[in-house]
Protein chains: 2
Amino acid sequence: MPNVQKIADSELEILKVLWKDSPRTSNEIYDALKQNKPWSKSTVLTLISRLAEKGAVSSFKRGVHFYSPALSEREYIKLQANSFLERIFEGSIKDLVAYYCENNDLTQEDLKELKKMIESREE
Amino acid sequence: MPNVQKIADSELEILKVLWKDSPRTSNEIYDALKQNKPWSKSTVLTLISRLAEKGAVSSFKRGVHFYSPALSEREYIKLQANSFLERIFEGSIKDLVAYYCENNDLTQEDLKELKKMIESREE
DNA sequence: GAATATATTTTACAGATGTAGATTTCATGA
DNA sequence: TCATGAAATCTACATCTGTAAAATATATTC
């Protein structure tokens, strides 16, 4: 796993695109973002290069540059999930799960599925 | 709930102190932080005033100023929990709970308790 | 190879954050 | 009431983030 410092929100958008499919060129990334994040090509390139500095994307050049994530979505989620768990629930998964179960509307189906999931992990 | 914009990590340290006990003076906050965050008094005051601007702490003056959180820990956790849920698990609590159950070492006890918790909410 | 189009890098700039010194205000004791 | 010391505000400054224009390098076409 690369030495990934903080990844800014806008940078994350680039990674999300690359996680869907890579390698991609800056133009392809630009196009993929056009709908939700209508940034200039320049902005897209800036974000890519910041990610590259942070070691979160790699690239190779075949005519034009092609970019790939150097940090997988799985790894990213893991980092976020751990940091959130620590920051907010002092590392207690039980507290975290309890919080979400108590404070949100889970349907009976959801509860059933969760129970199944837990049972499948029980001994 | 105050109109709380982003609360920076360092600002959060102030709030944590105030959540433990309030109102407190800037000196008391400074003292409480000394161990973990040996910041200058000036820094502490800067953070307090940024929090005040953001509407996250209030104060009154009796001789010296006393500060209190205007955002409760409960509210803060709620904001964080919601934003995390959306950002990382696209709003699916099921996915979130599943993630933590699958990717961490929960003891049999933990699982049992979680199951109980879920059962208690079932139907 | 020169002109042009396109991709990449540099520079920019405002706002947020981490950190704190300098300055001012204010309460309090002499 | 004046000095003094503490508290509060103002100013500062580097780094990060969001956003992009300007400049440059590179590929492509005639």
# chains A, B, ... in the order shown; residues from 1 in each chain; ligands from 1
$ residues_around --residues "segment 76-87 of chain A" --least-positions-apart "5" --cutoff "9 Å" --atoms "only C-alpha atoms (C1' of nucleotides)" --output "compact mmCIF listing (two decimals) with N, CA and C atoms, in the first residue's frame"
# COMPACT_ATOMS: atom_id res chain seq x y z
N LEU A 71 -3.76 2.94 -5.14
CA LEU A 71 -4.44 2.61 -3.87
C LEU A 71 -5.77 2.00 -4.28
N SER A 92 -14.43 0.70 19.16
CA SER A 92 -15.39 -0.35 19.51
C SER A 92 -16.40 -0.61 18.40
N ILE A 93 -16.21 -1.74 17.73
CA ILE A 93 -17.13 -2.09 16.65
C ILE A 93 -18.54 -2.29 17.20
N LEU A 96 -20.16 0.94 17.49
CA LEU A 96 -20.47 1.45 16.16
C LEU A 96 -21.72 0.77 15.60
N GLN B 80 -21.11 13.05 11.81
CA GLN B 80 -20.00 12.24 11.29
C GLN B 80 -20.48 10.90 10.79
N ALA B 81 -21.36 10.29 11.57
CA ALA B 81 -21.83 8.95 11.22
C ALA B 81 -22.59 8.99 9.90
N PHE B 84 -20.13 9.70 7.00
CA PHE B 84 -19.31 8.51 6.71
C PHE B 84 -20.13 7.45 5.98
N ILE B 88 -18.83 6.47 2.25
CA ILE B 88 -18.13 5.21 2.05
C ILE B 88 -19.05 4.06 1.69
N PHE B 89 -20.24 4.06 2.22
CA PHE B 89 -21.13 2.93 1.96
C PHE B 89 -22.41 3.33 1.24
N TYR B 99 -19.48 -4.82 6.56
CA TYR B 99 -18.05 -4.57 6.43
C TYR B 99 -17.32 -4.77 7.75
N TYR B 100 -17.83 -4.15 8.78
CA TYR B 100 -17.14 -4.24 10.06
C TYR B 100 -17.19 -5.65 10.64
N ASN B 103 -14.55 -7.69 8.42
CA ASN B 103 -13.16 -7.30 8.30
C ASN B 103 -12.43 -7.05 9.61
$ interface_residues --of "chain C" --to "chain A" --cutoff "12 Å" --atoms "only C-alpha atoms (C1' of nucleotides)" --output "PyMOL selection string"
chain C and resi 6-11
$ write_last_selection --atoms "N, CA and C atoms (P, O5', C5', C4', C3', O3' and C1' of nucleotides)" --output "short mmCIF file (atom, residue, chain, number, x, y, z; two decimals), in the first residue's frame"
data_model
loop_
_atom_site.label_atom_id
_atom_site.label_comp_id
_atom_site.auth_asym_id
_atom_site.auth_seq_id
_atom_site.Cartn_x
_atom_site.Cartn_y
_atom_site.Cartn_z
P DT C 6 -7.63 18.91 -31.14
"O5'" DT C 6 -6.79 18.18 -30.00
"C5'" DT C 6 -5.72 17.31 -30.38
"C4'" DT C 6 -4.80 17.14 -29.21
"C3'" DT C 6 -5.51 17.15 -27.85
"O3'" DT C 6 -5.17 15.94 -27.23
"C1'" DT C 6 -3.57 18.49 -27.79
P DA C 7 -5.75 15.47 -25.86
"O5'" DA C 7 -4.41 15.49 -25.00
"C5'" DA C 7 -3.26 14.84 -25.53
"C4'" DA C 7 -2.09 15.05 -24.59
"C3'" DA C 7 -2.42 14.84 -23.12
"O3'" DA C 7 -1.31 14.10 -22.59
"C1'" DA C 7 -1.56 17.02 -23.42
P DT C 8 -1.22 13.67 -21.08
"O5'" DT C 8 -0.34 14.85 -20.47
"C5'" DT C 8 0.97 15.07 -21.02
"C4'" DT C 8 1.71 16.13 -20.23
"C3'" DT C 8 1.55 16.04 -18.71
"O3'" DT C 8 2.88 15.95 -18.19
"C1'" DT C 8 1.17 18.27 -19.46
P DT C 9 3.21 16.17 -16.65
"O5'" DT C 9 3.50 17.74 -16.58
"C5'" DT C 9 4.55 18.26 -17.40
"C4'" DT C 9 4.83 19.71 -17.03
"C3'" DT C 9 5.05 19.97 -15.54
"O3'" DT C 9 6.12 20.92 -15.49
"C1'" DT C 9 3.33 21.36 -16.31
P DT C 10 6.80 21.30 -14.10
"O5'" DT C 10 6.67 22.90 -14.14
"C5'" DT C 10 5.78 23.46 -15.06
"C4'" DT C 10 5.67 24.95 -14.87
"C3'" DT C 10 5.95 25.49 -13.47
"O3'" DT C 10 6.57 26.76 -13.64
"C1'" DT C 10 3.65 25.83 -14.02
P DT C 11 6.72 27.78 -12.39
"O5'" DT C 11 5.32 28.53 -12.32
"C5'" DT C 11 4.97 29.45 -13.34
"C4'" DT C 11 3.67 30.11 -12.97
"C3'" DT C 11 3.65 30.77 -11.60
"O3'" DT C 11 3.21 32.11 -11.79
"C1'" DT C 11 1.76 29.37 -11.86
#
$ calpha_fit_and_write --fixed "chain B" --moving "chain A" --output "tab-separated table (two decimals) with C-alpha atoms, in the first residue's frame"
chain	number	residue	atom	x	y	z
A	1	MET	CA	-28.25	22.50	15.98
A	2	PRO	CA	-25.92	25.34	15.03
A	3	ASN	CA	-24.88	25.83	11.44
A	4	VAL	CA	-21.78	23.76	11.86
A	5	GLN	CA	-19.54	23.77	8.85
A	6	LYS	CA	-16.50	21.62	8.82
A	7	ILE	CA	-14.82	21.30	12.15
A	8	ALA	CA	-11.09	20.83	11.80
A	9	ASP	CA	-9.26	18.10	13.66
A	10	SER	CA	-7.52	20.48	15.99
A	11	GLU	CA	-10.76	22.28	16.72
A	12	LEU	CA	-12.33	18.98	17.57
A	13	GLU	CA	-9.86	18.57	20.42
A	14	ILE	CA	-11.32	21.66	22.04
A	15	LEU	CA	-14.83	20.37	21.66
A	16	LYS	CA	-13.87	17.05	23.16
A	17	VAL	CA	-12.66	18.82	26.27
A	18	LEU	CA	-15.85	20.84	26.50
A	19	TRP	CA	-17.99	17.77	26.05
A	20	LYS	CA	-16.38	16.24	29.12
A	21	ASP	CA	-17.23	19.28	31.20
A	22	SER	CA	-18.39	22.80	30.55
A	23	PRO	CA	-18.44	25.74	30.81
A	24	ARG	CA	-14.72	26.09	31.08
A	25	THR	CA	-12.29	28.94	30.72
A	26	SER	CA	-9.60	28.98	28.09
A	27	ASN	CA	-7.08	28.20	30.76
A	28	GLU	CA	-8.99	25.18	31.91
A	29	ILE	CA	-9.19	23.99	28.35
A	30	TYR	CA	-5.49	24.61	27.94
A	31	ASP	CA	-4.78	22.56	31.06
A	32	ALA	CA	-7.02	19.74	30.00
A	33	LEU	CA	-5.20	19.50	26.70
A	34	LYS	CA	-1.70	19.83	28.08
A	35	GLN	CA	-1.05	16.09	28.17
A	36	ASN	CA	-2.06	15.11	24.69
A	37	LYS	CA	-1.91	18.37	22.83
A	38	PRO	CA	0.72	20.63	24.34
A	39	TRP	CA	-0.37	23.71	22.46
A	40	SER	CA	0.35	27.27	23.45
A	41	LYS	CA	-2.42	29.21	25.13
A	42	SER	CA	-2.51	31.33	22.05
A	43	THR	CA	-3.21	28.34	19.87
A	44	VAL	CA	-5.95	27.19	22.18
A	45	LEU	CA	-7.58	30.61	22.00
A	46	THR	CA	-7.33	30.66	18.23
A	47	LEU	CA	-9.09	27.34	18.00
A	48	ILE	CA	-11.78	28.44	20.42
A	49	SER	CA	-12.43	31.54	18.42
A	50	ARG	CA	-12.61	29.64	15.17
A	51	LEU	CA	-15.13	27.31	16.74
A	52	ALA	CA	-17.08	30.31	17.94
A	53	GLU	CA	-17.14	31.73	14.42
A	54	LYS	CA	-18.46	28.42	13.18
A	55	GLY	CA	-21.15	28.50	15.83
A	56	ALA	CA	-19.85	25.39	17.53
A	57	VAL	CA	-19.07	26.96	20.89
A	58	SER	CA	-20.79	29.67	22.86
A	59	SER	CA	-19.44	31.75	25.70
A	60	PHE	CA	-20.38	34.14	28.44
A	61	LYS	CA	-18.25	36.41	30.50
A	62	ARG	CA	-18.17	36.49	34.25
A	63	GLY	CA	-14.88	38.22	34.87
A	64	VAL	CA	-13.24	35.90	32.44
A	65	HIS	CA	-14.82	34.09	29.49
A	66	PHE	CA	-16.41	30.71	29.90
A	67	TYR	CA	-16.95	28.47	26.93
A	68	SER	CA	-19.47	25.73	26.24
A	69	PRO	CA	-20.13	23.51	23.26
A	70	ALA	CA	-22.96	24.68	21.06
A	71	LEU	CA	-22.83	21.36	19.28
A	72	SER	CA	-23.34	18.28	21.43
A	73	GLU	CA	-21.21	15.20	21.05
A	74	ARG	CA	-24.34	13.32	20.09
A	75	GLU	CA	-25.02	15.76	17.29
A	76	TYR	CA	-21.44	15.68	16.15
A	77	ILE	CA	-21.37	11.90	16.03
A	78	LYS	CA	-24.60	11.93	14.11
A	79	LEU	CA	-23.19	14.29	11.51
A	80	GLN	CA	-20.03	12.25	11.16
A	81	ALA	CA	-21.83	8.94	11.11
A	82	ASN	CA	-24.25	10.06	8.43
A	83	SER	CA	-21.62	11.59	6.26
A	84	PHE	CA	-19.40	8.53	6.56
A	85	LEU	CA	-22.30	6.23	5.77
A	86	GLU	CA	-23.13	8.20	2.67
A	87	ARG	CA	-19.61	8.77	1.48
A	88	ILE	CA	-18.31	5.27	1.86
A	89	PHE	CA	-21.28	2.94	1.81
A	90	GLU	CA	-23.74	4.93	-0.27
A	91	GLY	CA	-26.10	5.05	2.64
A	92	SER	CA	-26.41	1.31	3.12
A	93	ILE	CA	-26.19	0.45	6.79
A	94	LYS	CA	-26.28	-3.17	5.87
A	95	ASP	CA	-23.18	-2.82	3.76
A	96	LEU	CA	-21.49	-0.88	6.49
A	97	VAL	CA	-22.23	-3.40	9.18
A	98	ALA	CA	-21.28	-6.21	6.89
A	99	TYR	CA	-17.99	-4.55	6.18
A	100	TYR	CA	-17.03	-4.19	9.81
A	101	CYS	CA	-18.17	-7.68	10.67
A	102	GLU	CA	-16.18	-9.20	7.85
A	103	ASN	CA	-13.03	-7.20	7.99
A	104	ASN	CA	-12.24	-7.06	11.63
A	105	ASP	CA	-11.74	-9.41	14.45
A	106	LEU	CA	-14.88	-9.52	16.47
A	107	THR	CA	-14.74	-11.90	19.36
A	108	GLN	CA	-17.46	-14.45	19.95
A	109	GLU	CA	-18.60	-12.24	22.78
A	110	ASP	CA	-18.91	-9.27	20.49
A	111	LEU	CA	-20.90	-11.28	18.01
A	112	LYS	CA	-23.17	-12.53	20.74
A	113	GLU	CA	-23.79	-9.04	21.98
A	114	LEU	CA	-24.44	-7.71	18.56
A	115	LYS	CA	-26.90	-10.47	17.92
A	116	LYS	CA	-28.65	-9.70	21.15
A	117	MET	CA	-28.80	-6.07	20.19
A	118	ILE	CA	-30.33	-6.88	16.86
A	119	GLU	CA	-32.79	-9.30	18.32
A	120	SER	CA	-33.93	-6.70	20.78
A	121	ARG	CA	-34.81	-4.47	17.87
A	122	GLU	CA	-36.46	-7.13	15.85
A	123	GLU	CA	-40.19	-6.67	15.73
$ select_by_dssp --residues "segment 8-56 of chain A" --states "alpha helix (DSSP H)" --output "ChimeraX atom specification"
/A:9-20,26-33,41-53
$ write_last_selection --atoms "N, CA and C atoms" --output "compact mmCIF listing (two decimals), in the first residue's frame"
# COMPACT_ATOMS: atom_id res chain seq x y z
N ASP A 9 -11.17 15.51 -0.85
CA ASP A 9 -12.44 15.12 -1.44
C ASP A 9 -12.40 15.16 -2.96
N SER A 10 -11.88 16.24 -3.47
CA SER A 10 -11.89 16.37 -4.94
C SER A 10 -10.97 15.33 -5.58
N GLU A 11 -9.89 15.04 -4.91
CA GLU A 11 -8.98 14.02 -5.42
C GLU A 11 -9.65 12.65 -5.43
N LEU A 12 -10.46 12.45 -4.42
CA LEU A 12 -11.17 11.17 -4.33
C LEU A 12 -12.03 10.91 -5.56
N GLU A 13 -12.59 11.98 -6.11
CA GLU A 13 -13.43 11.81 -7.30
C GLU A 13 -12.65 11.17 -8.44
N ILE A 14 -11.41 11.58 -8.56
CA ILE A 14 -10.54 11.00 -9.59
C ILE A 14 -10.33 9.51 -9.32
N LEU A 15 -10.02 9.21 -8.09
CA LEU A 15 -9.79 7.80 -7.74
C LEU A 15 -11.02 6.96 -8.03
N LYS A 16 -12.18 7.51 -7.69
CA LYS A 16 -13.41 6.76 -7.91
C LYS A 16 -13.55 6.35 -9.38
N VAL A 17 -13.22 7.30 -10.24
CA VAL A 17 -13.30 7.01 -11.67
C VAL A 17 -12.31 5.90 -12.04
N LEU A 18 -11.13 6.00 -11.50
CA LEU A 18 -10.10 5.00 -11.83
C LEU A 18 -10.43 3.63 -11.25
N TRP A 19 -11.12 3.63 -10.14
CA TRP A 19 -11.50 2.34 -9.56
C TRP A 19 -12.50 1.64 -10.46
N LYS A 20 -13.35 2.40 -11.10
CA LYS A 20 -14.33 1.77 -12.00
C LYS A 20 -13.62 1.11 -13.17
N SER A 26 -6.18 11.21 -19.07
CA SER A 26 -6.78 12.35 -18.38
C SER A 26 -8.08 12.76 -19.05
N ASN A 27 -8.10 12.63 -20.34
CA ASN A 27 -9.33 12.97 -21.06
C ASN A 27 -10.47 12.04 -20.72
N GLU A 28 -10.15 10.78 -20.61
CA GLU A 28 -11.20 9.82 -20.25
C GLU A 28 -11.71 10.10 -18.85
N ILE A 29 -10.80 10.46 -17.98
CA ILE A 29 -11.21 10.80 -16.62
C ILE A 29 -12.10 12.05 -16.65
N TYR A 30 -11.64 13.02 -17.38
CA TYR A 30 -12.41 14.25 -17.56
C TYR A 30 -13.83 13.94 -18.04
N ASP A 31 -13.93 13.10 -19.05
CA ASP A 31 -15.25 12.74 -19.58
C ASP A 31 -16.10 12.02 -18.55
N ALA A 32 -15.46 11.12 -17.84
CA ALA A 32 -16.23 10.35 -16.85
C ALA A 32 -16.78 11.25 -15.76
N LEU A 33 -16.08 12.33 -15.48
CA LEU A 33 -16.51 13.22 -14.41
C LEU A 33 -17.52 14.26 -14.87
N LYS A 41 -10.42 20.68 -17.77
CA LYS A 41 -9.39 19.65 -17.93
C LYS A 41 -8.20 19.97 -17.04
N SER A 42 -7.92 21.24 -16.95
CA SER A 42 -6.81 21.69 -16.14
C SER A 42 -6.97 21.24 -14.69
N THR A 43 -8.16 21.43 -14.17
CA THR A 43 -8.42 21.01 -12.80
C THR A 43 -8.22 19.51 -12.65
N VAL A 44 -8.75 18.77 -13.61
CA VAL A 44 -8.60 17.32 -13.55
C VAL A 44 -7.12 16.94 -13.51
N LEU A 45 -6.34 17.58 -14.36
CA LEU A 45 -4.90 17.27 -14.38
C LEU A 45 -4.22 17.64 -13.07
N THR A 46 -4.64 18.76 -12.51
CA THR A 46 -4.05 19.16 -11.22
C THR A 46 -4.32 18.09 -10.17
N LEU A 47 -5.55 17.63 -10.13
CA LEU A 47 -5.90 16.63 -9.13
C LEU A 47 -5.13 15.34 -9.36
N ILE A 48 -5.03 14.94 -10.62
CA ILE A 48 -4.26 13.74 -10.93
C ILE A 48 -2.82 13.89 -10.43
N SER A 49 -2.25 15.06 -10.69
CA SER A 49 -0.84 15.18 -10.32
C SER A 49 -0.67 15.25 -8.81
N ARG A 50 -1.64 15.81 -8.13
CA ARG A 50 -1.54 15.79 -6.67
C ARG A 50 -1.65 14.36 -6.14
N LEU A 51 -2.52 13.59 -6.75
CA LEU A 51 -2.63 12.19 -6.34
C LEU A 51 -1.34 11.44 -6.62
N ALA A 52 -0.73 11.77 -7.75
CA ALA A 52 0.53 11.12 -8.10
C ALA A 52 1.60 11.46 -7.05
N GLU A 53 1.66 12.72 -6.68
CA GLU A 53 2.62 13.13 -5.64
C GLU A 53 2.40 12.34 -4.36
$ closest_atom_pairs --of "chain D" --to "chain B" --cutoff "10 Å" --atoms "only C-alpha atoms (C1' of nucleotides)" --output "JSON lines"
{"residue": "D:DA6", "atom": "C1'", "partner": "B:Val64", "partner_atom": "CA", "distance": 9.9}
{"residue": "D:DA7", "atom": "C1'", "partner": "B:Val64", "partner_atom": "CA", "distance": 7.3}
{"residue": "D:DA8", "atom": "C1'", "partner": "B:Leu45", "partner_atom": "CA", "distance": 7.8}
{"residue": "D:DT9", "atom": "C1'", "partner": "B:Thr46", "partner_atom": "CA", "distance": 9.1}
$ write_last_selection --atoms "C-alpha atoms (C1' of nucleotides)" --output "short mmCIF file (atom, residue, chain, number, x, y, z; two decimals), in the first residue's frame"
data_model
loop_
_atom_site.label_atom_id
_atom_site.label_comp_id
_atom_site.auth_asym_id
_atom_site.auth_seq_id
_atom_site.Cartn_x
_atom_site.Cartn_y
_atom_site.Cartn_z
"C1'" DA D 6 -3.38 37.80 32.46
"C1'" DA D 7 -6.91 37.20 28.85
"C1'" DA D 8 -8.48 38.10 24.36
"C1'" DT D 9 -7.91 39.70 19.69
#
$ select_by_dssp --residues "chain B" --states "strand (DSSP E)" --output "PyMOL selection string"
chain B and resi 57-62+64-69
$ write_last_selection --atoms "C-alpha atoms" --output "PDB file, in the first residue's frame"
ATOM      1  CA  VAL B  57     -19.089  26.949  20.951  1.00  0.00           C
ATOM      2  CA  SER B  58     -20.788  29.660  22.926  1.00  0.00           C
ATOM      3  CA  SER B  59     -19.440  31.762  25.736  1.00  0.00           C
ATOM      4  CA  PHE B  60     -20.367  34.146  28.500  1.00  0.00           C
ATOM      5  CA  LYS B  61     -18.245  36.460  30.494  1.00  0.00           C
ATOM      6  CA  ARG B  62     -18.087  36.584  34.243  1.00  0.00           C
ATOM      7  CA  VAL B  64     -13.153  36.025  32.362  1.00  0.00           C
ATOM      8  CA  HIS B  65     -14.796  34.168  29.466  1.00  0.00           C
ATOM      9  CA  PHE B  66     -16.339  30.763  29.928  1.00  0.00           C
ATOM     10  CA  TYR B  67     -16.897  28.513  26.965  1.00  0.00           C
ATOM     11  CA  SER B  68     -19.398  25.750  26.326  1.00  0.00           C
ATOM     12  CA  PRO B  69     -20.078  23.513  23.362  1.00  0.00           C
TER      13      PRO B  69
END
$ decode --residues "chain C" --atoms "C-alpha atoms (C1' of nucleotides)" --output "PDB file, in the first residue's frame"
ATOM      1  C1'  DG C   1       9.839  20.287 -41.106  1.00  0.00           C
ATOM      2  C1'  DA C   2       6.192  23.900 -39.889  1.00  0.00           C
ATOM      3  C1'  DA C   3       1.757  24.668 -38.206  1.00  0.00           C
ATOM      4  C1'  DT C   4      -1.535  23.270 -35.342  1.00  0.00           C
ATOM      5  C1'  DA C   5      -3.894  20.784 -31.981  1.00  0.00           C
ATOM      6  C1'  DT C   6      -3.575  18.493 -27.790  1.00  0.00           C
ATOM      7  C1'  DA C   7      -1.561  17.019 -23.416  1.00  0.00           C
ATOM      8  C1'  DT C   8       1.173  18.271 -19.465  1.00  0.00           C
ATOM      9  C1'  DT C   9       3.327  21.359 -16.309  1.00  0.00           C
ATOM     10  C1'  DT C  10       3.651  25.832 -14.022  1.00  0.00           C
ATOM     11  C1'  DT C  11       1.765  29.372 -11.858  1.00  0.00           C
ATOM     12  C1'  DA C  12      -2.080  31.479  -9.412  1.00  0.00           C
ATOM     13  C1'  DC C  13      -5.115  32.631  -6.020  1.00  0.00           C
ATOM     14  C1'  DA C  14      -8.621  32.446  -2.352  1.00  0.00           C
ATOM     15  C1'  DG C  15     -10.161  29.986   1.596  1.00  0.00           C
ATOM     16  C1'  DA C  16      -9.181  26.463   5.399  1.00  0.00           C
ATOM     17  C1'  DT C  17      -6.033  24.649   8.777  1.00  0.00           C
ATOM     18  C1'  DG C  18      -2.165  24.232  12.114  1.00  0.00           C
ATOM     19  C1'  DT C  19       0.441  26.901  14.804  1.00  0.00           C
ATOM     20  C1'  DA C  20       1.747  30.916  17.409  1.00  0.00           C
ATOM     21  C1'  DG C  21       3.852  35.810  18.143  1.00  0.00           C
ATOM     22  C1'  DA C  22       2.463  40.731  18.744  1.00  0.00           C
ATOM     23  C1'  DT C  23      -0.769  43.797  20.353  1.00  0.00           C
ATOM     24  C1'  DT C  24      -4.478  45.331  22.887  1.00  0.00           C
ATOM     25  C1'  DT C  25      -7.869  45.106  26.484  1.00  0.00           C
ATOM     26  C1'  DC C  26      -9.179  44.507  30.989  1.00  0.00           C
ATOM     27  C1'  DA C  27      -9.397  43.211  35.910  1.00  0.00           C
ATOM     28  C1'  DT C  28      -7.050  43.681  40.153  1.00  0.00           C
ATOM     29  C1'  DG C  29      -3.861  44.840  43.730  1.00  0.00           C
ATOM     30  C1'  DA C  30      -1.066  48.600  45.523  1.00  0.00           C
TER      31       DA C  30
END
